[in-house]
Amino acid sequence: MNSVHDSMSRQGLVRPTEGRMIGGVVAGLAKRFGLDPWLARLLFVVVLLAIPGSQILIYPVLWILMPAEKPAYVTAYPPAV
């Protein structure tokens with residue numbers, strides 16, 4: 001499973017820590033392809049209405065396979081003396 005997560009991370013497919021609605025899958029796909037998250041969500045719903053059921057199967061699979069974005073930690077080190 002780690003190799004799948006590493007592969008998706010290298011390709012830029014990660015679930016962001018901010019801007020999630022449910023699991024962050026659509027927001028992660030939007031970020032990867034340079035779309036606005038709301039536009040991606042709208043496209044997701046439109047495709048759901050056009051092809052019912054397919055997204056309901058794909059979303060949980062991507063939720064499991066897409067790793068969560070690693071938080072950017074800011075470490076404050078004391079100044080060197």
# chains A, B, ... in the order shown; residues from 1 in each chain; ligands from 1

$ residues_around --residues "segment 31-37 of chain A" --least-positions-apart "5" --cutoff "8 Å" --atoms "only C-alpha atoms" --output "PyMOL selection string"
chain A and resi 12-13+26

$ write_last_selection --atoms "C-alpha atoms" --output "PDB file, in the first residue's frame"
ATOM      1  CA  GLY A  12       0.776  15.110  -7.211  1.00  0.00           C
ATOM      2  CA  LEU A  13      -2.356  13.164  -6.319  1.00  0.00           C
ATOM      3  CA  VAL A  26     -12.164  15.909  -5.568  1.00  0.00           C
TER       4      VAL A  26
END

$ residues_around --residues "Tyr59 of chain A" --least-positions-apart "3" --cutoff "10 Å" --atoms "only C-alpha atoms" --output "list in words"
Gly23, Gly24, Val25, Val26, Ser54, Gln55, Ile56, Leu62, Trp63, Ile64 and Leu65 of chain A

$ residues_around --residues "Thr17 of chain A" --least-positions-apart "3" --cutoff "10 Å" --atoms "only C-alpha atoms" --output "number ranges by chain"
A: 14, 20, 23-24, 27-28, 68-71

$ write_last_selection --atoms "N, CA, C and O atoms" --output "JSON list (two decimals), in the first residue's frame"
[["chain", "number", "residue", "atom", "x", "y", "z"],
["A", 14, "VAL", "N", -2.68, 14.00, -4.09],
["A", 14, "VAL", "CA", -2.80, 13.92, -2.63],
["A", 14, "VAL", "C", -4.07, 14.63, -2.21],
["A", 14, "VAL", "O", -4.55, 15.53, -2.88],
["A", 20, "ARG", "N", -11.09, 20.66, 2.17],
["A", 20, "ARG", "CA", -11.82, 19.40, 1.97],
["A", 20, "ARG", "C", -13.30, 19.61, 2.23],
["A", 20, "ARG", "O", -13.70, 20.45, 3.02],
["A", 23, "GLY", "N", -13.78, 13.90, 1.92],
["A", 23, "GLY", "CA", -12.50, 13.24, 2.10],
["A", 23, "GLY", "C", -11.35, 13.96, 1.41],
["A", 23, "GLY", "O", -10.20, 13.63, 1.60],
["A", 24, "GLY", "N", -11.67, 14.94, 0.60],
["A", 24, "GLY", "CA", -10.64, 15.69, -0.08],
["A", 24, "GLY", "C", -10.23, 15.12, -1.42],
["A", 24, "GLY", "O", -9.29, 15.60, -2.03],
["A", 27, "ALA", "N", -11.05, 17.65, -4.27],
["A", 27, "ALA", "CA", -10.16, 18.80, -4.10],
["A", 27, "ALA", "C", -8.73, 18.43, -4.50],
["A", 27, "ALA", "O", -8.02, 19.24, -5.10],
["A", 28, "GLY", "N", -8.30, 17.23, -4.18],
["A", 28, "GLY", "CA", -6.98, 16.77, -4.58],
["A", 28, "GLY", "C", -6.85, 16.61, -6.08],
["A", 28, "GLY", "O", -5.83, 16.98, -6.67],
["A", 68, "ALA", "N", -2.97, 11.44, 2.24],
["A", 68, "ALA", "CA", -3.25, 12.79, 2.72],
["A", 68, "ALA", "C", -1.99, 13.63, 2.55],
["A", 68, "ALA", "O", -0.87, 13.13, 2.67],
["A", 69, "GLU", "N", -2.20, 14.89, 2.26],
["A", 69, "GLU", "CA", -1.08, 15.82, 2.10],
["A", 69, "GLU", "C", -0.35, 15.95, 3.43],
["A", 69, "GLU", "O", -0.98, 16.09, 4.47],
["A", 70, "LYS", "N", 0.96, 15.90, 3.36],
["A", 70, "LYS", "CA", 1.74, 16.05, 4.58],
["A", 70, "LYS", "C", 1.75, 17.52, 4.98],
["A", 70, "LYS", "O", 1.99, 18.39, 4.14],
["A", 71, "PRO", "N", 1.48, 17.80, 6.25],
["A", 71, "PRO", "CA", 1.47, 19.21, 6.67],
["A", 71, "PRO", "C", 2.87, 19.80, 6.62],
["A", 71, "PRO", "O", 3.86, 19.11, 6.85]]

$ select_by_dssp --residues "chain A" --states "alpha helix (DSSP H)" --output "number ranges by chain"
A: 2-10, 25-33, 37-50, 54-65
